[in-house]
>>> print(open('final36.cif').read())   # mmCIF, C-alpha atoms
data_protein
loop_
_atom_site.group_PDB
_atom_site.id
_atom_site.type_symbol
_atom_site.label_atom_id
_atom_site.label_comp_id
_atom_site.auth_asym_id
_atom_site.auth_seq_id
_atom_site.Cartn_x
_atom_site.Cartn_y
_atom_site.Cartn_z
ATOM 1 C CA MET A 23 0.000 0.000 0.000
ATOM 2 C CA SER A 24 1.522 3.358 -1.011
ATOM 3 C CA ASN A 25 1.778 5.869 1.827
ATOM 4 C CA ALA A 26 -1.600 7.132 2.960
ATOM 5 C CA THR A 27 -0.761 10.823 2.448
ATOM 6 C CA GLU A 28 0.149 10.497 -1.250
ATOM 7 C CA VAL A 29 -1.972 12.852 -3.398
ATOM 8 C CA TRP A 30 -3.717 11.218 -6.356
ATOM 9 C CA PRO A 31 -5.562 12.842 -9.299
ATOM 10 C CA THR A 32 -8.928 12.384 -7.653
ATOM 11 C CA GLY A 33 -7.659 13.727 -4.337
ATOM 12 C CA LEU A 34 -8.747 10.589 -2.493
ATOM 13 C CA THR A 35 -6.427 8.671 -0.228
ATOM 14 C CA GLU A 36 -5.959 4.946 -0.901
ATOM 15 C CA GLY A 37 -8.044 4.100 2.155
ATOM 16 C CA GLN A 38 -10.965 6.195 0.909
ATOM 17 C CA ALA A 39 -10.751 4.658 -2.555
ATOM 18 C CA LEU A 40 -10.755 1.116 -1.157
ATOM 19 C CA GLU A 41 -13.695 1.975 1.102
ATOM 20 C CA ILE A 42 -15.761 3.245 -1.840
ATOM 21 C CA HIS A 43 -14.839 0.154 -3.803
ATOM 22 C CA ARG A 44 -15.881 -2.187 -0.986
ATOM 23 C CA ASN A 45 -19.341 -0.647 -0.957
ATOM 24 C CA LEU A 46 -19.577 -0.704 -4.740
ATOM 25 C CA ILE A 47 -18.668 -4.390 -4.817
ATOM 26 C CA GLN A 48 -21.204 -5.170 -2.083
ATOM 27 C CA GLY A 49 -23.920 -3.344 -4.035
ATOM 28 C CA THR A 50 -22.962 -5.225 -7.167
ATOM 29 C CA GLN A 51 -23.212 -8.537 -5.328
ATOM 30 C CA MET A 52 -26.692 -7.634 -4.074
ATOM 31 C CA PHE A 53 -27.685 -6.735 -7.631
ATOM 32 C CA GLY A 54 -26.338 -10.113 -8.747
ATOM 33 C CA VAL A 55 -28.394 -12.029 -6.186
ATOM 34 C CA ILE A 56 -31.565 -10.169 -7.154
ATOM 35 C CA ALA A 57 -30.867 -10.769 -10.849
ATOM 36 C CA ALA A 58 -30.288 -14.490 -10.235
ATOM 37 C CA LEU A 59 -33.609 -14.677 -8.389
ATOM 38 C CA ALA A 60 -35.362 -12.851 -11.239
ATOM 39 C CA HIS A 61 -33.910 -15.271 -13.775
ATOM 40 C CA LEU A 62 -35.044 -18.218 -11.644
ATOM 41 C CA LEU A 63 -38.583 -16.835 -11.505
ATOM 42 C CA ALA A 64 -38.533 -16.158 -15.256
ATOM 43 C CA TYR A 65 -37.371 -19.741 -15.880
ATOM 44 C CA ILE A 66 -40.152 -21.149 -13.655
ATOM 45 C CA TYR A 67 -43.054 -18.937 -14.730
ATOM 46 C CA SER A 68 -42.338 -18.210 -18.379
ATOM 47 C CA PRO A 69 -41.770 -20.316 -21.510
ATOM 48 C CA TRP A 70 -38.114 -19.268 -21.485
ATOM 49 C CA LEU A 71 -35.930 -22.362 -22.139
ATOM 50 C CA HIS A 72 -38.972 -24.685 -22.007
ATOM 51 C CA MET B 11 -6.658 -6.668 -5.115
ATOM 52 C CA ILE B 12 -5.819 -3.540 -6.977
ATOM 53 C CA TYR B 13 -9.210 -2.704 -8.443
ATOM 54 C CA GLY B 14 -10.243 -0.409 -5.632
ATOM 55 C CA ARG B 15 -7.391 1.896 -6.582
ATOM 56 C CA ILE B 16 -9.326 2.925 -9.701
ATOM 57 C CA TRP B 17 -10.937 5.584 -7.540
ATOM 58 C CA LEU B 18 -7.547 7.186 -7.043
ATOM 59 C CA VAL B 19 -7.582 8.019 -10.732
ATOM 60 C CA VAL B 20 -11.296 8.112 -11.697
ATOM 61 C CA LYS B 21 -13.480 10.400 -9.630
ATOM 62 C CA PRO B 22 -16.236 8.290 -7.970
ATOM 63 C CA THR B 23 -18.793 11.022 -8.739
ATOM 64 C CA VAL B 24 -18.094 10.287 -12.412
ATOM 65 C CA GLY B 25 -17.227 6.579 -12.364
ATOM 66 C CA VAL B 26 -20.081 5.261 -10.239
ATOM 67 C CA PRO B 27 -22.957 6.898 -12.174
ATOM 68 C CA LEU B 28 -21.250 5.884 -15.418
ATOM 69 C CA LEU B 29 -21.046 2.267 -14.230
ATOM 70 C CA LEU B 30 -24.655 2.155 -13.023
ATOM 71 C CA GLY B 31 -25.805 3.883 -16.223
ATOM 72 C CA ALA B 32 -24.017 1.289 -18.345
ATOM 73 C CA VAL B 33 -25.710 -1.525 -16.431
ATOM 74 C CA ALA B 34 -29.088 0.164 -16.884
ATOM 75 C CA VAL B 35 -28.560 0.635 -20.637
ATOM 76 C CA GLY B 36 -27.445 -2.988 -20.980
ATOM 77 C CA SER B 37 -30.451 -4.250 -19.065
ATOM 78 C CA PHE B 38 -32.796 -2.075 -21.127
ATOM 79 C CA ALA B 39 -31.229 -3.439 -24.337
ATOM 80 C CA VAL B 40 -31.697 -7.044 -23.234
ATOM 81 C CA HIS B 41 -35.327 -6.460 -22.285
ATOM 82 C CA THR B 42 -35.980 -4.700 -25.609
ATOM 83 C CA ALA B 43 -34.345 -7.549 -27.516
ATOM 84 C CA LEU B 44 -36.506 -10.070 -25.658
ATOM 85 C CA LEU B 45 -39.656 -8.045 -26.284
ATOM 86 C CA THR B 46 -38.961 -7.733 -30.010
ATOM 87 C CA ASN B 47 -37.691 -11.286 -30.616
ATOM 88 C CA THR B 48 -40.151 -13.361 -28.614
ATOM 89 C CA SER B 49 -43.927 -13.604 -28.546
ATOM 90 C CA TRP B 50 -44.355 -14.825 -24.995
ATOM 91 C CA VAL B 51 -43.029 -11.666 -23.284
ATOM 92 C CA LYS B 52 -45.696 -9.559 -24.966
ATOM 93 C CA LYS B 53 -48.327 -12.137 -23.984
ATOM 94 C CA PHE B 54 -46.942 -12.198 -20.435
ATOM 95 C CA LEU B 55 -47.220 -8.404 -20.208
ATOM 96 C CA ASN B 56 -50.765 -8.672 -21.515
ATOM 97 C CA GLY B 57 -51.570 -11.000 -18.696
ATOM 98 C CA SER B 58 -51.955 -14.146 -20.801
ATOM 99 C CA ALA B 59 -48.709 -15.872 -19.793
ATOM 100 C CA ALA B 60 -50.442 -19.195 -19.004
ATOM 101 C CA SER B 61 -51.810 -19.500 -22.531
ATOM 102 C CA ALA B 62 -48.418 -18.348 -23.848
ATOM 103 C CA VAL B 63 -46.770 -21.320 -22.108
ATOM 104 C CA VAL B 64 -49.394 -23.788 -23.372
ATOM 105 C CA GLN B 65 -49.365 -22.290 -26.844
ATOM 106 C CA THR B 66 -45.551 -22.470 -27.019
ATOM 107 C CA GLN B 67 -45.584 -26.112 -25.973
ATOM 108 C CA SER B 68 -48.315 -26.939 -28.515
ATOM 109 C CA THR B 69 -46.379 -25.270 -31.341
ATOM 110 C CA VAL B 70 -43.296 -27.247 -30.314
ATOM 111 C CA ALA B 71 -45.365 -30.455 -30.414
ATOM 112 C CA SER B 72 -46.861 -29.635 -33.832
ATOM 113 C CA VAL B 73 -43.458 -28.810 -35.283
ATOM 114 C CA ALA B 74 -41.958 -32.096 -33.968
ATOM 115 C CA PRO B 75 -40.552 -34.280 -36.789
ATOM 116 C CA PRO B 76 -42.841 -37.144 -37.992
ATOM 117 C CA THR B 77 -41.920 -40.456 -36.363
ATOM 118 C CA LEU B 78 -40.455 -43.083 -38.757
ATOM 119 C CA GLN B 79 -43.002 -45.849 -39.551
ATOM 120 C CA VAL B 80 -41.018 -49.138 -39.870
#
>>> encode(input="final36.cif", output="structure tokens")
Amino acid sequence: MSNATEVWPTGLTEGQALEIHRNLIQGTQMFGVIAALAHLLAYIYSPWLH
Amino acid sequence: MIYGRIWLVVKPTVGVPLLLGAVAVGSFAVHTALLTNTSWVKKFLNGSAASAVVQTQSTVASVAPPTLQV
């Protein structure tokens, strides 16, 4: 990890960037679970792949 | 992993909406493609999904190749 006080183009520190990314990844995983559930329901209740 | 460091270079106020927008556009495109290339989605949205399922199965049955009479 580069030193925490280094100044980057966006002005964020590495810790702040990693924190944002953690939340973004978590949100993406939630989206993925919901999408998987939607595809399961579509497979069960629609002619898709039948 | 290194991916979180993207936000050191790309401003999150630009990158995050861009990412979510891209997912929305992609999802919209897939739904539009389904709506235009299938019949059952339109029937489902018109509330006649059950008949859509039966009708799809019946068309599959009618299209089935003739069995070989030996």
>>> interface_residues(input="final36.cif", of="chain A", to="chain B", cutoff="8 Å", atoms="all atoms listed in the file", output="VMD selection string")
chain A and resid 30 to 36 39 to 44 68 to 69 72
>>> atom_distance(input="final36.cif", atom1="CA of Gly37 (chain A)", atom2="CA of Ala32 (chain B)")
26.1 Å
>>> atom_distance(input="final36.cif", atom1="CA of Ser37 (chain B)", atom2="CA of Tyr67 (chain A)")
19.8 Å
>>> atom_distance(input="final36.cif", atom1="CA of Leu62 (chain A)", atom2="CA of Phe38 (chain B)")
18.9 Å
